[in-house]
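S.K.: Just so it is clear, I am handing over input.txt, which has compact mmCIF, C-alpha atoms.
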# COMPACT_ATOMS: atom_id res chain seq x y z
CA MET A 1 11.04 -1.06 26.44
CA LEU A 2 11.08 2.68 27.12
CA LEU A 3 7.40 2.86 26.30
CA ASP A 4 6.54 0.24 28.93
CA ALA A 5 8.50 2.27 31.49
CA LEU A 6 6.55 5.37 30.53
CA VAL A 7 3.31 3.45 30.96
CA GLU A 8 4.23 1.71 34.21
CA THR A 9 6.45 4.04 36.20
CA SER A 10 5.94 7.61 34.95
CA GLU A 11 3.10 9.92 35.90
CA ALA A 12 3.53 12.27 32.96
CA ARG A 13 0.16 13.19 31.51
CA GLY A 14 -1.40 15.65 29.07
CA LEU A 15 1.17 14.35 26.59
CA THR A 16 1.47 15.25 22.95
CA ILE A 17 2.53 12.09 21.14
CA VAL A 18 4.28 12.26 17.76
CA SER A 19 4.14 8.77 16.29
CA ASN A 20 3.05 7.32 12.96
CA ASN A 21 0.16 5.68 14.83
CA ILE A 22 -1.18 5.56 18.38
CA GLY A 23 -0.30 1.89 18.81
CA GLU A 24 -2.88 -0.85 18.95
CA PRO A 25 -5.63 -1.40 21.52
CA GLY A 26 -3.94 -2.08 24.84
CA ARG A 27 -0.46 -2.30 23.32
CA GLY A 28 2.38 0.22 23.33
CA LEU A 29 0.97 3.72 23.00
CA GLY A 30 -2.48 2.13 23.15
CA LEU A 31 -1.85 1.52 26.87
CA LEU A 32 -0.92 5.15 27.44
CA LEU A 33 -4.11 6.14 25.64
CA ARG A 34 -6.19 3.87 27.89
CA GLN A 35 -4.63 5.60 30.89
CA GLY A 36 -5.98 8.89 29.53
CA ARG A 37 -2.53 10.43 29.49
CA ILE A 38 -2.42 11.49 25.83
CA ARG A 39 -3.92 14.91 25.12
CA ARG A 40 -2.92 15.22 21.48
CA GLY A 41 -1.63 12.91 18.78
CA VAL A 42 0.29 13.82 15.63
CA SER A 43 0.12 10.84 13.27
CA SER A 44 -0.61 9.58 9.79
CA PHE A 45 -2.67 6.60 10.96
CA PHE A 46 -4.98 7.00 13.96
CA THR A 47 -7.13 4.29 12.42
CA SER A 48 -4.76 1.45 13.34
CA ASN A 49 -6.12 1.86 16.88
CA PRO A 50 -9.96 1.95 17.02
CA GLU A 51 -9.71 3.23 20.59
CA ALA A 52 -7.81 6.28 19.33
CA VAL A 53 -10.60 6.92 16.81
CA GLU A 54 -13.17 6.62 19.63
CA ALA A 55 -11.17 9.03 21.78
CA VAL A 56 -11.04 11.60 18.98
CA ASN A 57 -14.77 11.27 18.37
CA ALA A 58 -15.42 11.60 22.11
CA GLY A 59 -13.34 14.77 22.20
CA THR A 60 -10.76 13.43 24.65
CA LEU A 61 -7.95 13.17 22.10
CA GLU A 62 -6.94 16.00 19.81
CA ALA A 63 -5.76 14.68 16.44
CA THR A 64 -3.40 16.22 13.92
CA LEU A 65 -3.36 14.06 10.79
CA LEU A 66 -0.53 14.38 8.27
CA PRO A 67 0.36 12.45 5.13
CA GLN A 68 3.10 10.03 6.15
CA GLY A 69 5.81 11.62 4.01
CA THR A 70 4.92 15.05 5.34
CA PHE A 71 4.99 13.69 8.88
CA ALA A 72 8.49 12.25 8.32
CA GLU A 73 9.81 15.36 6.59
CA ALA A 74 8.37 17.66 9.28
CA ILE A 75 10.31 15.77 11.95
CA ARG A 76 13.42 15.90 9.78
CA ALA A 77 12.90 19.65 9.31
CA GLY A 78 12.46 20.05 13.05
CA GLY A 79 15.78 18.38 13.69
CA ALA A 80 17.46 20.27 10.86
CA GLY A 81 16.53 23.74 12.06
CA LEU A 82 14.18 24.61 9.22
CA GLY A 83 11.09 26.80 9.53
CA GLY A 84 9.06 24.54 7.28
CA PHE A 85 8.82 23.32 3.72
CA TYR A 86 6.47 23.37 0.74
CA THR A 87 5.19 20.01 -0.50
CA PRO A 88 2.77 19.23 -3.33
CA VAL A 89 1.35 16.39 -1.23
CA GLY A 90 -2.12 17.14 0.09
CA ALA A 91 -2.64 20.32 -1.94
CA GLY A 92 -6.31 20.80 -2.71
CA THR A 93 -7.39 18.15 -0.19
CA LEU A 94 -8.95 18.27 3.28
CA LEU A 95 -5.49 17.97 4.81
CA ALA A 96 -4.44 21.33 3.37
CA GLU A 97 -7.27 23.21 5.09
CA GLY A 98 -6.01 26.13 7.15
CA LYS A 99 -2.52 25.89 5.66
CA GLU A 100 -0.84 28.29 3.27
CA GLU A 101 -1.10 27.02 -0.31
CA ARG A 102 1.02 28.48 -3.05
CA LEU A 103 1.82 27.79 -6.69
CA LEU A 104 5.48 26.93 -7.25
CA ASP A 105 6.48 26.36 -10.87
CA GLY A 106 2.80 26.08 -11.63
CA VAL A 107 2.19 23.28 -9.11
CA PRO A 108 0.08 23.82 -5.97
CA HIS A 109 2.12 23.30 -2.79
CA VAL A 110 1.23 23.33 0.90
CA LEU A 111 3.39 24.94 3.59
CA GLU A 112 4.11 22.42 6.33
CA ARG A 113 5.71 23.40 9.63
CA PRO A 114 8.43 21.48 11.46
CA ILE A 115 7.77 19.12 14.35
CA ASN A 116 9.94 19.18 17.47
CA GLY A 117 9.58 17.35 20.75
CA ASP A 118 10.70 17.77 24.34
CA VAL A 119 11.69 14.11 24.53
CA ALA A 120 12.40 11.48 21.87
CA LEU A 121 12.29 7.78 22.70
CA VAL A 122 14.10 5.68 20.09
CA TYR A 123 15.22 2.10 19.79
CA ALA A 124 18.38 0.91 18.05
CA ALA A 125 19.63 -2.66 17.84
CA ARG A 126 23.15 -1.49 18.64
CA GLY A 127 24.65 1.54 20.32
CA ASP A 128 28.15 2.38 21.45
CA GLU A 129 29.12 3.96 24.75
CA LEU A 130 29.24 7.43 23.16
CA GLY A 131 25.68 7.10 21.91
CA ASN A 132 26.31 6.33 18.26
CA LEU A 133 23.38 4.24 17.00
CA TRP A 134 22.90 1.50 14.42
CA TYR A 135 19.39 0.36 13.48
CA ARG A 136 18.60 -3.06 12.08
CA LYS A 137 16.68 -3.58 8.82
CA THR A 138 13.24 -1.94 8.66
CA ALA A 139 13.38 -1.09 12.38
CA ARG A 140 15.17 2.11 11.31
CA ASN A 141 12.00 3.85 9.97
CA PHE A 142 11.30 7.00 12.05
CA ASN A 143 13.98 6.46 14.72
CA PRO A 144 16.85 8.47 13.17
CA LEU A 145 14.47 11.39 12.50
CA MET A 146 13.01 11.41 16.00
CA ALA A 147 16.51 11.31 17.49
CA THR A 148 17.31 14.66 15.85
CA ALA A 149 14.14 16.54 16.71
CA ALA A 150 13.84 16.53 20.49
CA THR A 151 15.47 18.47 23.31
CA LEU A 152 16.20 15.23 25.17
CA THR A 153 16.82 12.05 23.19
CA ILE A 154 16.72 8.77 25.08
CA ALA A 155 17.93 5.76 23.13
CA GLU A 156 17.25 2.19 24.14
CA VAL A 157 19.81 -0.17 22.62
CA GLY A 158 19.62 -3.91 22.19
CA GLU A 159 23.37 -4.26 22.54
CA LEU A 160 25.93 -1.84 23.97
CA VAL A 161 29.39 -1.90 22.38
CA PRO A 162 32.58 0.11 23.07
CA ALA A 163 33.30 3.27 21.07
CA GLY A 164 34.50 2.05 17.69
CA GLY A 165 32.26 -1.02 17.91
CA ILE A 166 30.14 0.37 15.10
CA GLU A 167 31.95 1.03 11.82
CA PRO A 168 32.02 4.84 11.39
CA GLU A 169 30.48 4.39 7.93
CA SER A 170 27.65 2.42 9.49
CA VAL A 171 26.65 4.90 12.19
CA HIS A 172 23.06 5.91 11.39
CA THR A 173 22.64 8.37 14.27
CA PRO A 174 25.86 10.14 15.32
CA HIS A 175 26.19 10.43 19.09
CA LEU A 176 25.69 14.21 19.30
CA TYR A 177 21.94 13.63 18.95
CA VAL A 178 21.75 11.18 21.86
CA ASP A 179 21.54 12.30 25.49
CA LEU A 180 20.78 9.12 27.43
CA LEU A 181 21.36 5.45 26.72
CA VAL A 182 19.35 2.59 28.19
CA VAL A 183 20.42 -0.99 27.57
CA ARG A 184 17.66 -3.52 26.98
CA GLU A 185 17.88 -6.47 29.35
CA MET B 1 -18.35 -14.33 -11.21
CA THR B 2 -18.50 -16.19 -7.95
CA ASP B 3 -14.76 -16.55 -7.28
CA ASP B 4 -12.79 -13.97 -5.30
CA PRO B 5 -12.02 -11.14 -7.74
CA LYS B 6 -9.00 -9.86 -5.81
CA PRO B 7 -6.28 -12.29 -7.01
CA ARG B 8 -7.56 -11.82 -10.54
CA ILE B 9 -7.17 -8.05 -10.25
CA ALA B 10 -3.71 -8.43 -8.72
CA ALA B 11 -2.62 -10.82 -11.46
CA ARG B 12 -3.67 -8.41 -14.19
CA ALA B 13 -2.13 -5.40 -12.44
CA ALA B 14 1.15 -7.34 -12.14
CA GLN B 15 1.31 -7.51 -15.94
CA GLU B 16 1.48 -3.70 -16.06
CA LEU B 17 4.90 -3.74 -14.36
CA ARG B 18 8.00 -3.70 -16.53
CA PRO B 19 11.52 -4.98 -15.88
CA GLY B 20 13.71 -2.47 -14.05
CA GLU B 21 10.83 -0.53 -12.56
CA VAL B 22 10.70 0.44 -8.88
CA VAL B 23 7.21 -0.23 -7.57
CA ASN B 24 5.41 0.57 -4.34
CA LEU B 25 2.47 -1.69 -3.50
CA GLY B 26 -0.38 -0.47 -1.34
CA ILE B 27 -2.23 -2.43 1.31
CA GLY B 28 -4.95 -4.82 0.12
CA ILE B 29 -5.16 -6.03 -3.49
CA PRO B 30 -1.79 -4.46 -4.50
CA ASN B 31 -0.08 -6.42 -1.74
CA LEU B 32 -1.19 -9.64 -3.52
CA ILE B 33 0.88 -8.72 -6.59
CA PRO B 34 4.24 -10.25 -5.51
CA ALA B 35 2.67 -13.71 -5.80
CA PHE B 36 2.20 -13.00 -9.51
CA LEU B 37 5.70 -11.68 -10.17
CA THR B 38 8.17 -14.29 -11.40
CA PRO B 39 11.71 -14.19 -9.94
CA ASP B 40 12.98 -12.88 -13.29
CA SER B 41 10.36 -10.10 -13.52
CA GLY B 42 13.11 -7.53 -12.89
CA VAL B 43 10.73 -5.47 -10.76
CA PHE B 44 12.11 -3.82 -7.60
CA VAL B 45 9.54 -3.49 -4.83
CA GLN B 46 9.90 -0.52 -2.46
CA THR B 47 8.03 -0.38 0.83
CA GLU B 48 7.64 3.03 2.44
CA ASN B 49 8.72 1.87 5.89
CA GLY B 50 12.24 1.73 4.50
CA LEU B 51 13.20 -1.13 2.17
CA LEU B 52 13.99 -1.29 -1.54
CA GLY B 53 14.22 -4.89 -2.73
CA VAL B 54 11.31 -6.57 -0.95
CA GLY B 55 11.37 -10.35 -1.45
CA PRO B 56 8.73 -13.03 -0.93
CA ARG B 57 7.03 -13.77 2.38
CA PRO B 58 9.44 -15.58 4.72
CA SER B 59 9.31 -19.20 5.78
CA GLU B 60 8.97 -19.92 9.49
CA GLU B 61 12.77 -20.11 9.82
CA GLU B 62 13.35 -16.85 7.92
CA LEU B 63 10.89 -14.86 10.06
CA ASP B 64 12.54 -11.67 11.40
CA PRO B 65 10.65 -9.13 13.54
CA ASP B 66 12.93 -6.36 12.20
CA LEU B 67 11.94 -7.11 8.60
CA ILE B 68 8.40 -6.07 7.78
CA ASP B 69 6.49 -4.18 5.10
CA ALA B 70 4.26 -1.12 5.45
CA ALA B 71 1.33 -3.38 6.33
CA LYS B 72 3.49 -4.71 9.22
CA LEU B 73 3.58 -8.13 7.54
CA PRO B 74 6.84 -10.08 7.54
CA VAL B 75 8.87 -9.98 4.32
CA THR B 76 12.34 -10.94 3.12
CA ALA B 77 14.98 -8.77 1.47
CA LEU B 78 16.46 -9.77 -1.89
CA PRO B 79 20.17 -9.60 -2.71
CA GLY B 80 20.95 -5.97 -3.52
CA ALA B 81 18.29 -4.64 -1.16
CA SER B 82 18.79 -1.45 0.86
CA TYR B 83 17.27 -0.06 4.06
CA PHE B 84 16.63 3.61 4.77
CA ASP B 85 14.71 5.86 7.14
CA SER B 86 11.20 7.15 6.55
CA ALA B 87 12.22 10.66 5.46
CA GLU B 88 14.47 9.21 2.77
CA SER B 89 11.78 6.73 1.78
CA PHE B 90 9.28 9.50 1.14
CA ALA B 91 11.92 11.67 -0.52
CA MET B 92 12.26 8.82 -3.01
CA ILE B 93 8.50 8.76 -3.47
CA ARG B 94 7.86 12.52 -3.72
CA GLY B 95 11.03 13.04 -5.73
CA GLY B 96 9.75 10.88 -8.57
CA HIS B 97 12.27 8.07 -8.07
CA VAL B 98 9.60 5.44 -7.58
CA ASP B 99 8.31 4.52 -11.03
CA VAL B 100 4.97 3.01 -10.15
CA ALA B 101 2.52 3.07 -7.26
CA VAL B 102 -0.17 0.41 -7.26
CA LEU B 103 -2.92 1.21 -4.84
CA GLY B 104 -6.49 0.43 -3.97
CA ALA B 105 -9.21 3.07 -4.13
CA LEU B 106 -12.71 3.80 -2.91
CA GLN B 107 -13.53 5.81 -6.05
CA VAL B 108 -11.81 6.87 -9.26
CA SER B 109 -13.32 9.54 -11.48
CA GLY B 110 -13.47 9.64 -15.25
CA ALA B 111 -10.74 12.29 -15.06
CA GLY B 112 -8.45 10.09 -12.99
CA ASP B 113 -9.14 11.73 -9.64
CA ILE B 114 -8.54 9.26 -6.81
CA ALA B 115 -10.34 8.99 -3.49
CA ASN B 116 -8.81 6.31 -1.30
CA TRP B 117 -8.43 7.53 2.26
CA ALA B 118 -11.65 8.85 3.75
CA VAL B 119 -15.37 8.21 3.81
CA PRO B 120 -17.82 11.13 4.05
CA GLY B 121 -19.53 11.50 7.39
CA ARG B 122 -16.81 9.69 9.31
CA SER B 123 -13.90 11.36 11.05
CA VAL B 124 -10.83 11.63 8.85
CA LEU B 125 -8.13 9.90 10.82
CA GLY B 126 -5.97 7.74 8.59
CA VAL B 127 -4.06 8.63 5.46
CA GLY B 128 -0.66 6.93 5.69
CA GLY B 129 1.43 7.31 2.57
CA ALA B 130 -1.44 7.37 0.07
CA MET B 131 -1.21 11.06 -0.79
CA ASP B 132 2.58 11.03 -1.11
CA LEU B 133 2.41 8.04 -3.45
CA VAL B 134 -0.23 9.33 -5.83
CA VAL B 135 1.52 12.69 -6.11
CA GLY B 136 5.05 11.35 -6.38
CA ALA B 137 4.98 8.12 -8.36
CA ARG B 138 5.53 8.54 -12.08
CA ARG B 139 2.76 6.09 -12.92
CA VAL B 140 -0.22 5.33 -10.72
CA ILE B 141 -2.12 2.09 -11.16
CA VAL B 142 -5.38 1.69 -9.29
CA ALA B 143 -6.19 -1.96 -8.56
CA MET B 144 -9.70 -2.27 -7.16
CA THR B 145 -13.00 -4.09 -7.48
CA ALA B 146 -15.42 -2.49 -9.93
CA THR B 147 -18.07 -1.97 -7.26
CA THR B 148 -18.40 -1.62 -3.50
CA ALA B 149 -19.64 -4.53 -1.38
CA ASP B 150 -23.11 -2.98 -1.84
CA GLY B 151 -22.77 -3.03 -5.62
CA GLU B 152 -22.20 0.72 -6.03
CA PRO B 153 -19.90 1.62 -8.96
CA LYS B 154 -16.44 2.79 -7.95
CA VAL B 155 -15.55 4.29 -11.32
CA VAL B 156 -17.65 7.44 -11.14
CA PRO B 157 -18.18 10.70 -13.06
CA ALA B 158 -16.81 12.71 -10.09
CA CYS B 159 -15.56 11.50 -6.72
CA THR B 160 -18.02 12.13 -3.90
CA TYR B 161 -15.53 10.93 -1.28
CA PRO B 162 -12.71 13.23 -0.08
CA LEU B 163 -9.97 13.36 -2.71
CA THR B 164 -6.51 11.90 -2.34
CA ALA B 165 -5.29 13.74 -5.45
CA ARG B 166 -6.64 15.09 -8.72
CA ALA B 167 -5.96 13.55 -12.14
CA ALA B 168 -3.52 11.10 -10.58
CA ALA B 169 -4.55 7.71 -12.00
CA ASP B 170 -2.92 6.41 -15.17
CA VAL B 171 -4.42 2.92 -15.23
CA VAL B 172 -7.42 1.36 -13.50
CA VAL B 173 -7.59 -2.43 -13.24
CA THR B 174 -10.77 -4.14 -12.04
CA GLU B 175 -11.93 -7.77 -12.17
CA LEU B 176 -13.66 -6.95 -15.46
CA ALA B 177 -11.55 -4.47 -17.34
CA VAL B 178 -8.48 -2.32 -17.80
CA PHE B 179 -9.03 1.43 -18.27
CA ARG B 180 -6.34 3.92 -19.22
CA LEU B 181 -6.40 7.68 -18.74
CA ARG B 182 -5.58 9.31 -22.06
CA ASP B 183 -5.52 13.10 -22.34
CA GLY B 184 -7.50 13.25 -19.12
CA ALA B 185 -10.25 10.93 -20.32
CA LEU B 186 -11.10 7.35 -19.46
CA VAL B 187 -10.56 4.72 -22.15
CA LEU B 188 -11.47 1.04 -21.85
CA THR B 189 -8.57 -0.82 -23.42
CA GLU B 190 -9.13 -4.40 -22.30
CA LEU B 191 -11.85 -6.75 -21.16
CA LEU B 192 -10.58 -9.41 -18.78
CA GLU B 193 -11.25 -12.99 -19.74
CA GLY B 194 -14.96 -13.77 -19.55
CA ALA B 195 -16.05 -10.14 -19.14
CA THR B 196 -18.33 -8.37 -21.63
CA LEU B 197 -18.67 -4.70 -22.51
CA GLU B 198 -22.27 -4.79 -21.25
CA GLN B 199 -21.08 -6.03 -17.86
CA VAL B 200 -18.53 -3.23 -17.66
CA ARG B 201 -21.08 -0.60 -18.65
CA ALA B 202 -23.47 -1.90 -16.01
CA VAL B 203 -21.01 -1.33 -13.16
CA THR B 204 -19.25 1.81 -14.41
CA ALA B 205 -20.93 5.13 -13.64
CA ALA B 206 -18.36 7.27 -15.46
CA SER B 207 -18.53 7.58 -19.23
CA PHE B 208 -15.63 6.06 -21.12
CA ALA B 209 -14.38 5.56 -24.65
CA VAL B 210 -13.68 2.05 -25.94
CA ALA B 211 -10.43 1.27 -27.73
CA LEU B 212 -9.76 -2.41 -27.18
CA GLU B 213 -6.17 -3.44 -27.75
Could you write out this file's structure as structure tokens?
M.R.:
Amino acid sequence: MLLDALVETSEARGLTIVSNNIGEPGRGLGLLLRQGRIRRGVSSFFTSNPEAVEAVNAGTLEATLLPQGTFAEAIRAGGAGLGGFYTPVGAGTLLAEGKEERLLDGVPHVLERPINGDVALVYAARGDELGNLWYRKTARNFNPLMATAATLTIAEVGELVPAGGIEPESVHTPHLYVDLLVVRE
Amino acid sequence: MTDDPKPRIAARAAQELRPGEVVNLGIGIPNLIPAFLTPDSGVFVQTENGLLGVGPRPSEEELDPDLIDAAKLPVTALPGASYFDSAESFAMIRGGHVDVAVLGALQVSGAGDIANWAVPGRSVLGVGGAMDLVVGARRVIVAMTATTADGEPKVVPACTYPLTARAAADVVVTELAVFRLRDGALVLTELLEGATLEQVRAVTAASFAVALE
């Protein structure tokens, strides 16, 4: 797992993590959190990891909370070169505080800004040698979005196949988004 | 009532779903609904982590780590199911393509305002897809117990908890009653078996009209 490598062999710290949650206690991103290497999290669910909630309350983790659909769309917008988008979701709630709100066709909308990263770590069940990716079942979720929105995209694949090994119609992430491939052992 | 009210609420909420509808089920009581849907219900269940056509819980042999619902619980996929990424999933939801969202709530107001993601005085750190669902789904069914564990009414004149969205609820199902929002006002339309109007009044802080069907 790329995340395990980040935890075990990298010394990167002061990280901003964009992930739907900050893992679970002592698992995945939860390990990175325990190491004190996450400065800021952008998520829709910090509450799945009580240690993340503690860290926010203690002031050691800066939290940006977004509705999940806004979170997903902001990453998509980041990868798609957009300056932002207006969504009705969250208008008039705590999560709209400090954001531009505007009536569009009579409905209150909130301006949400794109999310981009320096590095994206994604996992796909299958990748070809060019970097085309195919995700399996619900393991697709945020992966195709993340792959588009970072300067450097590193894809871990469960199985590496030759170019053409994924039906062109079935490529979920075309290879131009992928910079590095790592094959899971 | 000494028995667990949750399956009873889920069973009644399931009856609100009509053949052909696409339905998203929230965590908690709503997630109990599939057990009350017959195979010929004609209801399509969407889960926001990227599956339309959620089937029953898998057997031991069917278990697949790449096939889970939004609560990270294992599921199966029915024939005709489709997988998609999270941006597309929420585009479906915000875009009004999901017919019904069934979700739990901490409070619902007499005007249909929903509060289901944050508690006053605690840091606000989890929202998930709740806001997207209440804004985007064409019909919103709240499935919740009538009171908190401490006995406080959850159907209230005005939400005191942070709002998820205003005037978003269409139906509220509790272990005692079914309420419908009509022209922005709360109407009691059904007493569940064994429940009395007095019982409902005792645990409902919001005012409501009565029009039993």
S.K.: Contacts of A:Tyr135 at 8 Å or less, counting only C-alpha atoms, minus same-chain residues fewer than 5 places along, as a ChimeraX atom specification?
M.R.: /A:123-126,140,172
S.K.: Using all atoms listed in the file, which residues sit within 9 Å of A:Phe85 once same-chain residues fewer than 2 positions away are excluded, as a list in words?
M.R.: Glu73, Ala74, Ala77, Leu82, Gly83, Thr87, Val110, Leu111, Glu112, Arg113 and Pro114 of chain A
S.K.: For a quick test of understanding: name the residues of chain A lying within 8 Å of chain B when counting all atoms listed in the file, and present them as an MDAnalysis selection string.
M.R.: chainID A and resid 44:48 53 57 63 65:70 72:73 76 88:94 136:145
S.K.: Would you kindly identify which residues have an atom no farther than 6 Å from (19.2, 9.6, 25.6), using all atoms listed in the file and the file's own coordinates, and write them out as a list of chain:residue names?
M.R.: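 These residues have at least one counted atom within 6 Å: A:Thr153, A:Ile154, A:Ala155, A:Val178, A:Asp179, A:Leu180, A:Leu181.
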S.K.: From the options A:Met146, A:Val7, A:Pro174, A:Tyr86, which residue's atoms come nearest to A:Ile115, counting all atoms listed in the file?
M.R.: A:Met146
S.K.: What is the atom CA of B:Ala202-atom CA of B:Ala101 distance in Å, reported with one decimal?
M.R.: 27.9 Å
S.K.: Work out how far apart atom CA of A:Thr173 and atom CA of A:Ala147 are and give it in Å to one decimal.
M.R.: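 Going from atom CA of A:Thr173 over to atom CA of A:Ala147 covers 7.5 Å.
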S.K.: What does the structure give for the distance between atom CA of B:Thr204 and atom CA of B:Ala167, in Å to one decimal?
M.R.: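 Those two atoms sit 17.9 Å apart.
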S.K.: Need the shell around stretch 28-31 of chain B: protein/DNA/RNA residues with any atom at most 6 Å away, counting only C-alpha atoms. Skip same-chain ones fewer than 6 positions apart. Format as a list in words?
M.R.: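 What passes the distance filter is Lys6, Ala10, Val102 and Leu103 of chain B.
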S.K.: Kindly output stretch 77-98 of chain A as a short mmCIF file (atom, residue, chain, number, x, y, z; two decimals), keeping the file's coordinate frame, after building N, CA and C atoms.
M.R.:
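Output file out_20.cif follows:
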data_model
loop_
_atom_site.label_atom_id
_atom_site.label_comp_id
_atom_site.auth_asym_id
_atom_site.auth_seq_id
_atom_site.Cartn_x
_atom_site.Cartn_y
_atom_site.Cartn_z
N ALA A 77 12.73 18.19 9.33
CA ALA A 77 12.90 19.65 9.31
C ALA A 77 13.08 20.19 10.72
N GLY A 78 12.34 19.61 11.65
CA GLY A 78 12.46 20.05 13.05
C GLY A 78 13.88 19.84 13.57
N GLY A 79 14.43 18.68 13.24
CA GLY A 79 15.78 18.38 13.69
C GLY A 79 16.84 19.14 12.94
N ALA A 80 16.48 19.60 11.74
CA ALA A 80 17.46 20.27 10.86
C ALA A 80 17.38 21.78 10.95
N GLY A 81 16.56 22.30 11.85
CA GLY A 81 16.53 23.74 12.06
C GLY A 81 15.84 24.53 10.98
N LEU A 82 14.90 23.91 10.28
CA LEU A 82 14.18 24.61 9.22
C LEU A 82 12.84 25.13 9.74
N GLY A 83 12.36 26.21 9.11
CA GLY A 83 11.09 26.80 9.53
C GLY A 83 9.89 26.13 8.90
N GLY A 84 10.15 25.24 7.96
CA GLY A 84 9.06 24.54 7.28
C GLY A 84 9.48 24.19 5.87
N PHE A 85 8.52 23.68 5.11
CA PHE A 85 8.82 23.32 3.72
C PHE A 85 7.52 23.29 2.93
N TYR A 86 7.64 23.46 1.62
CA TYR A 86 6.47 23.37 0.74
C TYR A 86 6.46 22.00 0.08
N THR A 87 5.33 21.32 0.15
CA THR A 87 5.19 20.01 -0.50
C THR A 87 3.93 20.01 -1.36
N PRO A 88 3.99 19.33 -2.52
CA PRO A 88 2.77 19.23 -3.33
C PRO A 88 1.76 18.25 -2.73
N VAL A 89 2.22 17.44 -1.78
CA VAL A 89 1.35 16.39 -1.23
C VAL A 89 0.24 17.02 -0.38
N GLY A 90 -0.98 16.66 -0.69
CA GLY A 90 -2.12 17.14 0.09
C GLY A 90 -2.74 18.41 -0.43
N ALA A 91 -2.09 19.07 -1.40
CA ALA A 91 -2.64 20.32 -1.94
C ALA A 91 -4.03 20.05 -2.52
N GLY A 92 -4.95 20.93 -2.19
CA GLY A 92 -6.31 20.80 -2.71
C GLY A 92 -7.15 19.75 -2.00
N THR A 93 -6.62 19.16 -0.93
CA THR A 93 -7.39 18.15 -0.19
C THR A 93 -7.76 18.69 1.18
N LEU A 94 -8.55 17.91 1.91
CA LEU A 94 -8.95 18.27 3.28
C LEU A 94 -7.75 18.54 4.18
N LEU A 95 -6.65 17.84 3.91
CA LEU A 95 -5.49 17.97 4.81
C LEU A 95 -4.72 19.27 4.60
N ALA A 96 -5.10 20.04 3.59
CA ALA A 96 -4.44 21.33 3.37
C ALA A 96 -5.24 22.47 4.01
N GLU A 97 -6.41 22.16 4.53
CA GLU A 97 -7.27 23.21 5.09
C GLU A 97 -6.57 23.96 6.21
N GLY A 98 -6.63 25.30 6.12
CA GLY A 98 -6.01 26.13 7.15
C GLY A 98 -4.52 26.32 6.96
#
